[in-house]
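The block underneath contains the structure these notes are about, expressed in structure tokens.
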Amino acid sequence: MHFLPDHIDDYAVKHSQPEPQLLQELTRETWQKVLAPVMLSGHYQGRVLSMISKLIRPLRILEIGTYTGYSALCLAEGMQAEGTLYTIDINEELYDFQRRYFDCSDFGNQIIQHTGNALEIIPKLEETFDLVFLDADKSNYPKYIETVLPKMNKGAVLLSDNVLWYGKVAEASKEKDTDTAALKQYNKMIHDHPQLESVLLPIRDGLTISRKI
């Protein structure tokens with residue numbers, strides 16, 4: 001989803017860092033073999049995620065929603081040399097696809113995959129995190145925020161994807177549109193949350209950057 005005119009969006013992409021070759025290959029194979037390839041973070045947003053991670057220099061990263069592994073590899077680019085990235089996805093059929101690309105990267109030994117319900121997995125993790133990326137099922141976004149906050153270090157950053165949801169969050173909700181209703185609730189929660197300071201950026205389908213106070 002692009003909210004900018006195409007020619008402005010194209011200009012922004014052309015004047016941003018190119019994506020690594022491995023991510024180009026991952027993108028190509030995802031579009032060839034995997035359902036719903038539009039779920040990929042993609043070149044431009046991937047470079048945004050990479051830049052934010054490089055600025056933070058996190059020791060531990062948590063990703064909720066792996067898909068084919070593109071965003072995980074982008075976030076890993078900014079991780080400390082001894083850092084670890086934990087990524088969770090409910091689709092076990094994508095595990096081997098993800099692992100293959102993780103192992104082809106420089107971060108294979110630092111990326112730990114979890115398969116299953118993130119709301120059940122996160123409370124069992126012993127680690128705390130400096131950077132969290134949320135890009136999972138939208139209807140559970142309000143539940144994820146309360147589940148993940150106790151696992152975030154003070155000053156940690158939460159990145160929330162798809163928070164504009166094709167612009168639907170700014171429109172009257174339609175009956176049975178649970179995803180839009182949940183995202184509206186989530187956006188209000190993180191805006192009003194006493195432990196967070198946030199800014200919503202109209203990047204692709206909306207990306208909110210929140211910092212734990």
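The chains in the structure tokens are called A, B, ... from first to last as shown; in each chain the residues are counted from 1, and the ligands are counted from 1 in the order shown.
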
Taking 3 positions as the minimum chain separation for residues in the same chain, which residues sit within 10 Å of Arg47 (chain A) when counting only C-alpha atoms? Answer as a PyMOL selection string. chain A and resi 13+16-20+41-44+50-53+71+74-75+77

Can you check which residues of region 26-209 of chain A DSSP gives as alpha helix (DSSP H) on the backbone and send them as a PyMOL selection string? chain A and resi 26-33+42-56+70-76+95-104+118-121+141-148+178-192

State, in Å with one decimal place, the distance from CA of Thr178 (chain A) to CA of Leu207 (chain A).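 Rounded to one decimal, the two atoms are 19.6 Å apart.
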
For Gln185 (chain A), work out the shell of residues within 10 Å, counting only C-alpha atoms and skipping chain neighbours fewer than 4 positions away, then give it as a list of chain:residue names. A:Ser139, A:Tyr141, A:Pro142, A:Val169, A:Asp179, A:Thr180, A:Ala181, A:Met189, A:Ile190, A:His191

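For region 193-198 of chain A, the list of residues within 6 Å, based on only C-alpha atoms and with local chain neighbours fewer than 5 positions off taken out, reads Ile209, Ser210, Arg211, Lys212 and Ile213 of chain A.
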
Generate the output file for the selected residues, C-alpha atoms, as a JSON list (two decimals), in the first residue's frame.
[["chain", "number", "residue", "atom", "x", "y", "z"],
["A", 209, "ILE", "CA", 7.76, 3.60, 16.21],
["A", 210, "SER", "CA", 7.21, 3.33, 19.96],
["A", 211, "ARG", "CA", 9.78, 3.71, 22.73],
["A", 212, "LYS", "CA", 9.31, 2.20, 26.16],
["A", 213, "ILE", "CA", 9.69, 4.92, 28.78]]

Among the residues of region 68-166 of chain A, find those DSSP assigns to strand (DSSP E) from the backbone and print them as a count of residues only. 27

Report as a ChimeraX atom specification all protein, DNA and RNA residues lying within 10 Å of region 80-97 of chain A, evaluated on only C-alpha atoms, omitting residues in the same chain fewer than 2 positions from it. /A:26,29-30,34,53-54,56-69,71-73,75-78,99-102,107-119,121-122,125,127,129,131-133,135-137

With distances taken over only C-alpha atoms, which of A:Lys188, A:Lys151, A:Lys143, A:Lys33 is nearest to Glu126 (chain A)?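 Answer, going by the shortest atom-to-atom distance: A:Lys151.
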